[in-house]
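Asks: Could you have a look at this structure, given as structure tokens, before my questions?
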There are 2 protein chains.
Amino acid sequence: MRNEFHDTLDILVADLAKMCDRASAMMHAATVALLEADAEQAGRMRGDLTQLSALGASVNDRAYRLLALQAPVARDLRTVVAALHIGADADRMGALASHIARTAARSHPLRATPPELTDLYTEMGATAVQMADEARDAVSSSDAALAERVCADDEGMDELHRQLFTRVMAPRWMHGPLVAADMALLGRFYERFADHAVEIARRVYFQATGAAMDSAPRPA
Amino acid sequence: MRNEFHDTLDILVADLAKMCDRASAMMHAATVALLEADAEQAGRMRGDLTQLSALGASVNDRAYRLLALQAPVARDLRTVVAALHIGADADRMGALASHIARTAARSHPLRATPPELTDLYTEMGATAVQMADEARDAVSSSDAALAERVCADDEGMDELHRQLFTRVMAPRWMHGPLVAADMALLGRFYERFADHAVEIARRVYFQATGAAMDSAPRPA
């Protein structure tokens, strides 16, 4: 019985890592769509999000059943409760990536972002993908050190987010209020995606160590 | 033993309702600060948010202990798991309210919002407060019908959010890109606050009925 429980738990954790991986792939595709004015990515991403949410719902159901039928304690309990939260965070990351792709689609055939911001969005996209990948690896290995790395990377994202605002708010901004509003929202989507990766990392840290990762910045 | 467990559960649920109530009060204060260009509310709200988060952490610890020591099943298990999620949602609602107050503080001594949007922000604030109040009442009464009302109100918030975007994106917009960016973010903060109230309502619905509230709109 105990082995069967741990097998089920292993599959649950593997599915959570898969969710992080899919959120990462969605973020990569969304950033490409944004920078290449790809109108069709948003449509494709709707299917990806449906799949991601379905996997999240399945993780949720199985975590519930484990709580009800096996009454896990200590580290096993922390793993199951972490699964409930991580599934929700990864699902939300997919939703934020699809918001980015939708912004790209709305501006088609024009690019949503002015050319002088391409470097920033490229970096924000790469940082977001890296954080999701590290969160995935932290989840599958229960590695507290990896979890801390996700939080360290979030400082890079915060800095990129600040730079974006500085550029949009500069007196030489010449793309009008509509584009400024879109840039503010895009910046927020990237930042929140990263925040959810941090939340996942914090859950892994707690699950692995039994202690909170207090030093990490709290999502804004 | 069973009675002691249910007493602990009752206190937990009362604390979750208190968290919703505080998030509601914070949203009310933030909207007043926004419309009256009150620079000091953001500072006061930092203390409120610290208190709200501390209550959330305490709810989380107690829910964990109940899972570990009592191994609840059926409706009791749903209540404890819902508590883990509802605490996180209410905490986030407080953070979003404090983002609104910070936007007000940044523009001081000017008002962050143009006068012709006062009616919209007044209504968005009132809707958000009402949804948080209904979520609070749904939590404390475990009332599925009340939970459904929160979701119905969210349609009103979505409509207000659309109106805000229409006005900011109109060709006659004359407040420049900076204010447009702030309005986009403010709109998002109100909308997300409402989405978390909906999430709480969905948890209550599931906790009360054992079934998902499928008809409700998914947070965007």
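Residue numbering restarts at 1 for every chain of the structure tokens, chains are lettered A, B, ... in their displayed order, and ligands are numbered from 1 as they appear.
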May I have the residues of chain B within 9 Å of chain A, counting only C-alpha atoms, written as an NGL selection string?

Replies: :B and (64 or 67-74 or 77-78 or 81 or 84-85 or 95-96 or 99 or 168-170 or 173-185 or 188 or 220)

Asks: Please list as a PyMOL selection string every residue within 12 Å of B:Asp158, counting only C-alpha atoms and excluding residues in the same chain fewer than 6 positions away.

Replies: chain B and resi 120+123-124+127-128+151-152+164-165+187-188+190-195+217-220

Asks: Could the residues in this selection be saved with C-alpha atoms as a PDB file, in the first residue's frame?

Replies:
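part-v9.pdb was written with the following content:
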ATOM      1  CA  LEU B 120     -16.253  54.307 -13.754  1.00  0.00           C
ATOM      2  CA  GLU B 123     -18.524  51.842  -9.854  1.00  0.00           C
ATOM      3  CA  MET B 124     -15.577  49.453 -10.204  1.00  0.00           C
ATOM      4  CA  THR B 127     -18.577  46.357  -7.408  1.00  0.00           C
ATOM      5  CA  ALA B 128     -15.258  45.049  -6.074  1.00  0.00           C
ATOM      6  CA  CYS B 151     -19.890  35.114 -10.108  1.00  0.00           C
ATOM      7  CA  ALA B 152     -22.913  36.945 -11.509  1.00  0.00           C
ATOM      8  CA  LEU B 164     -12.672  51.746 -19.249  1.00  0.00           C
ATOM      9  CA  PHE B 165     -10.630  50.421 -22.170  1.00  0.00           C
ATOM     10  CA  GLY B 187      -8.314  48.407 -14.656  1.00  0.00           C
ATOM     11  CA  ARG B 188      -6.366  45.184 -14.376  1.00  0.00           C
ATOM     12  CA  TYR B 190      -9.827  45.917 -10.152  1.00  0.00           C
ATOM     13  CA  GLU B 191     -10.530  43.064 -12.544  1.00  0.00           C
ATOM     14  CA  ARG B 192      -8.070  40.722 -10.833  1.00  0.00           C
ATOM     15  CA  PHE B 193      -9.450  41.620  -7.376  1.00  0.00           C
ATOM     16  CA  ALA B 194     -12.879  40.571  -8.660  1.00  0.00           C
ATOM     17  CA  ASP B 195     -11.430  37.374 -10.189  1.00  0.00           C
ATOM     18  CA  PRO B 217     -16.631  32.384 -16.010  1.00  0.00           C
ATOM     19  CA  ARG B 218     -12.989  31.405 -15.663  1.00  0.00           C
ATOM     20  CA  PRO B 219     -10.732  34.212 -14.444  1.00  0.00           C
ATOM     21  CA  ALA B 220      -9.001  35.767 -17.464  1.00  0.00           C
TER      22      ALA B 220
END

Asks: Write out as number ranges by chain all residues of chain B that DSSP puts in alpha helix (DSSP H) for this structure's backbone.

Replies: B: 2-35, 41-70, 74-107, 118-141, 144-169, 176-209

Asks: Near A:Val139, counting only C-alpha atoms, which residues have an atom at most 9 Å away, once you skip same-chain residues fewer than 2 positions from it, shown as a PyMOL selection string?

Replies: chain A and resi 13-14+16-17+20+86+134-137+141-143+147+200-201+203-204

Asks: Using C-alpha atoms, can you write the selected residues to a file as a short mmCIF file (atom, residue, chain, number, x, y, z; two decimals), in the first residue's frame?

Replies:
data_model
loop_
_atom_site.label_atom_id
_atom_site.label_comp_id
_atom_site.auth_asym_id
_atom_site.auth_seq_id
_atom_site.Cartn_x
_atom_site.Cartn_y
_atom_site.Cartn_z
CA VAL A 13 4.96 15.31 -9.26
CA ALA A 14 5.91 14.32 -12.83
CA LEU A 16 3.35 19.07 -12.17
CA ALA A 17 6.77 19.24 -13.85
CA CYS A 20 5.66 23.87 -15.76
CA ILE A 86 1.66 24.34 -7.92
CA GLU A 134 14.09 26.01 -13.37
CA ALA A 135 10.75 25.74 -11.55
CA ARG A 136 10.06 22.55 -13.55
CA ASP A 137 13.46 21.09 -12.59
CA SER A 141 13.96 16.98 -8.21
CA SER A 142 12.55 18.59 -5.00
CA ASP A 143 15.78 20.56 -5.01
CA ALA A 147 14.20 26.68 -6.00
CA ILE A 200 6.16 27.35 -7.25
CA ALA A 201 9.80 27.54 -6.15
CA ARG A 203 6.38 25.62 -2.45
CA VAL A 204 9.16 23.27 -3.52
#

Asks: Please provide as a ChimeraX atom specification all residues within 10 Å of A:Arg111, with the sequence filter that same-chain residues fewer than 6 positions apart are discarded (counting only C-alpha atoms).

Replies: /A:33-39,103-105

Asks: Those selected residues, please, written with C-alpha atoms and delivered as a short mmCIF file (atom, residue, chain, number, x, y, z; two decimals), in the first residue's frame.

Replies:
data_model
loop_
_atom_site.label_atom_id
_atom_site.label_comp_id
_atom_site.auth_asym_id
_atom_site.auth_seq_id
_atom_site.Cartn_x
_atom_site.Cartn_y
_atom_site.Cartn_z
CA ALA A 33 4.38 35.66 -31.59
CA LEU A 34 4.68 39.09 -29.98
CA LEU A 35 7.96 39.97 -31.65
CA GLU A 36 7.04 38.51 -35.04
CA ALA A 37 3.45 39.79 -35.16
CA ASP A 38 2.11 36.24 -35.46
CA ALA A 39 -1.69 36.43 -35.33
CA THR A 103 -2.01 41.13 -27.42
CA ALA A 104 0.09 40.17 -30.45
CA ALA A 105 -3.03 39.03 -32.32
#

Asks: Could you check how far atom CA of A:Asp48 sits from atom CA of A:Ala23, in Å to one decimal?

Replies: 9.0 Å

Asks: Quick one: everything within 7 Å of A:His28, counting only C-alpha atoms, minus sequence neighbours fewer than 4 positions away in the same chain. Send it as a ChimeraX atom specification.

Replies: /A:24,32,125,129

Asks: Do you know which residues are at most 9 Å from A:Ala144 counting only C-alpha atoms, after dropping those on the same chain fewer than 5 positions away, and could you put them as a PyMOL selection string?

Replies: chain A and resi 138+149+201-202+204-209

Asks: Keeping N, CA and C atoms for every residue in the selection just given, could you write it to a file as a PDB file, in the first residue's frame?

Replies:
ATOM      1  N   ALA A 138      13.113  22.137 -10.418  1.00  0.00           N
ATOM      2  CA  ALA A 138      13.003  22.136  -8.954  1.00  0.00           C
ATOM      3  C   ALA A 138      11.877  21.214  -8.510  1.00  0.00           C
ATOM      4  N   ARG A 149      17.324  29.430  -6.875  1.00  0.00           N
ATOM      5  CA  ARG A 149      17.800  30.063  -8.111  1.00  0.00           C
ATOM      6  C   ARG A 149      16.640  30.773  -8.837  1.00  0.00           C
ATOM      7  N   ALA A 201       8.502  27.809  -6.767  1.00  0.00           N
ATOM      8  CA  ALA A 201       9.804  27.543  -6.147  1.00  0.00           C
ATOM      9  C   ALA A 201       9.696  27.572  -4.620  1.00  0.00           C
ATOM     10  N   ARG A 202       8.913  28.533  -4.098  1.00  0.00           N
ATOM     11  CA  ARG A 202       8.731  28.607  -2.648  1.00  0.00           C
ATOM     12  C   ARG A 202       8.041  27.358  -2.110  1.00  0.00           C
ATOM     13  N   VAL A 204       8.187  24.359  -3.466  1.00  0.00           N
ATOM     14  CA  VAL A 204       9.157  23.269  -3.522  1.00  0.00           C
ATOM     15  C   VAL A 204      10.114  23.368  -2.339  1.00  0.00           C
ATOM     16  N   TYR A 205      10.555  24.584  -2.065  1.00  0.00           N
ATOM     17  CA  TYR A 205      11.492  24.802  -0.956  1.00  0.00           C
ATOM     18  C   TYR A 205      10.872  24.327   0.368  1.00  0.00           C
ATOM     19  N   PHE A 206       9.633  24.730   0.598  1.00  0.00           N
ATOM     20  CA  PHE A 206       8.950  24.333   1.833  1.00  0.00           C
ATOM     21  C   PHE A 206       8.727  22.828   1.872  1.00  0.00           C
ATOM     22  N   GLN A 207       8.343  22.281   0.733  1.00  0.00           N
ATOM     23  CA  GLN A 207       8.082  20.843   0.662  1.00  0.00           C
ATOM     24  C   GLN A 207       9.371  20.069   0.952  1.00  0.00           C
ATOM     25  N   ALA A 208      10.496  20.567   0.431  1.00  0.00           N
ATOM     26  CA  ALA A 208      11.774  19.861   0.584  1.00  0.00           C
ATOM     27  C   ALA A 208      12.373  20.037   1.975  1.00  0.00           C
ATOM     28  N   THR A 209      12.200  21.231   2.547  1.00  0.00           N
ATOM     29  CA  THR A 209      12.924  21.535   3.791  1.00  0.00           C
ATOM     30  C   THR A 209      12.016  21.623   5.016  1.00  0.00           C
TER      31      THR A 209
END

Asks: If I take atom CA of A:Leu49 and atom CA of A:Asp91, how far is one from the other in Å, to one decimal?

Replies: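 Going from atom CA of A:Leu49 over to atom CA of A:Asp91 covers 7.6 Å.
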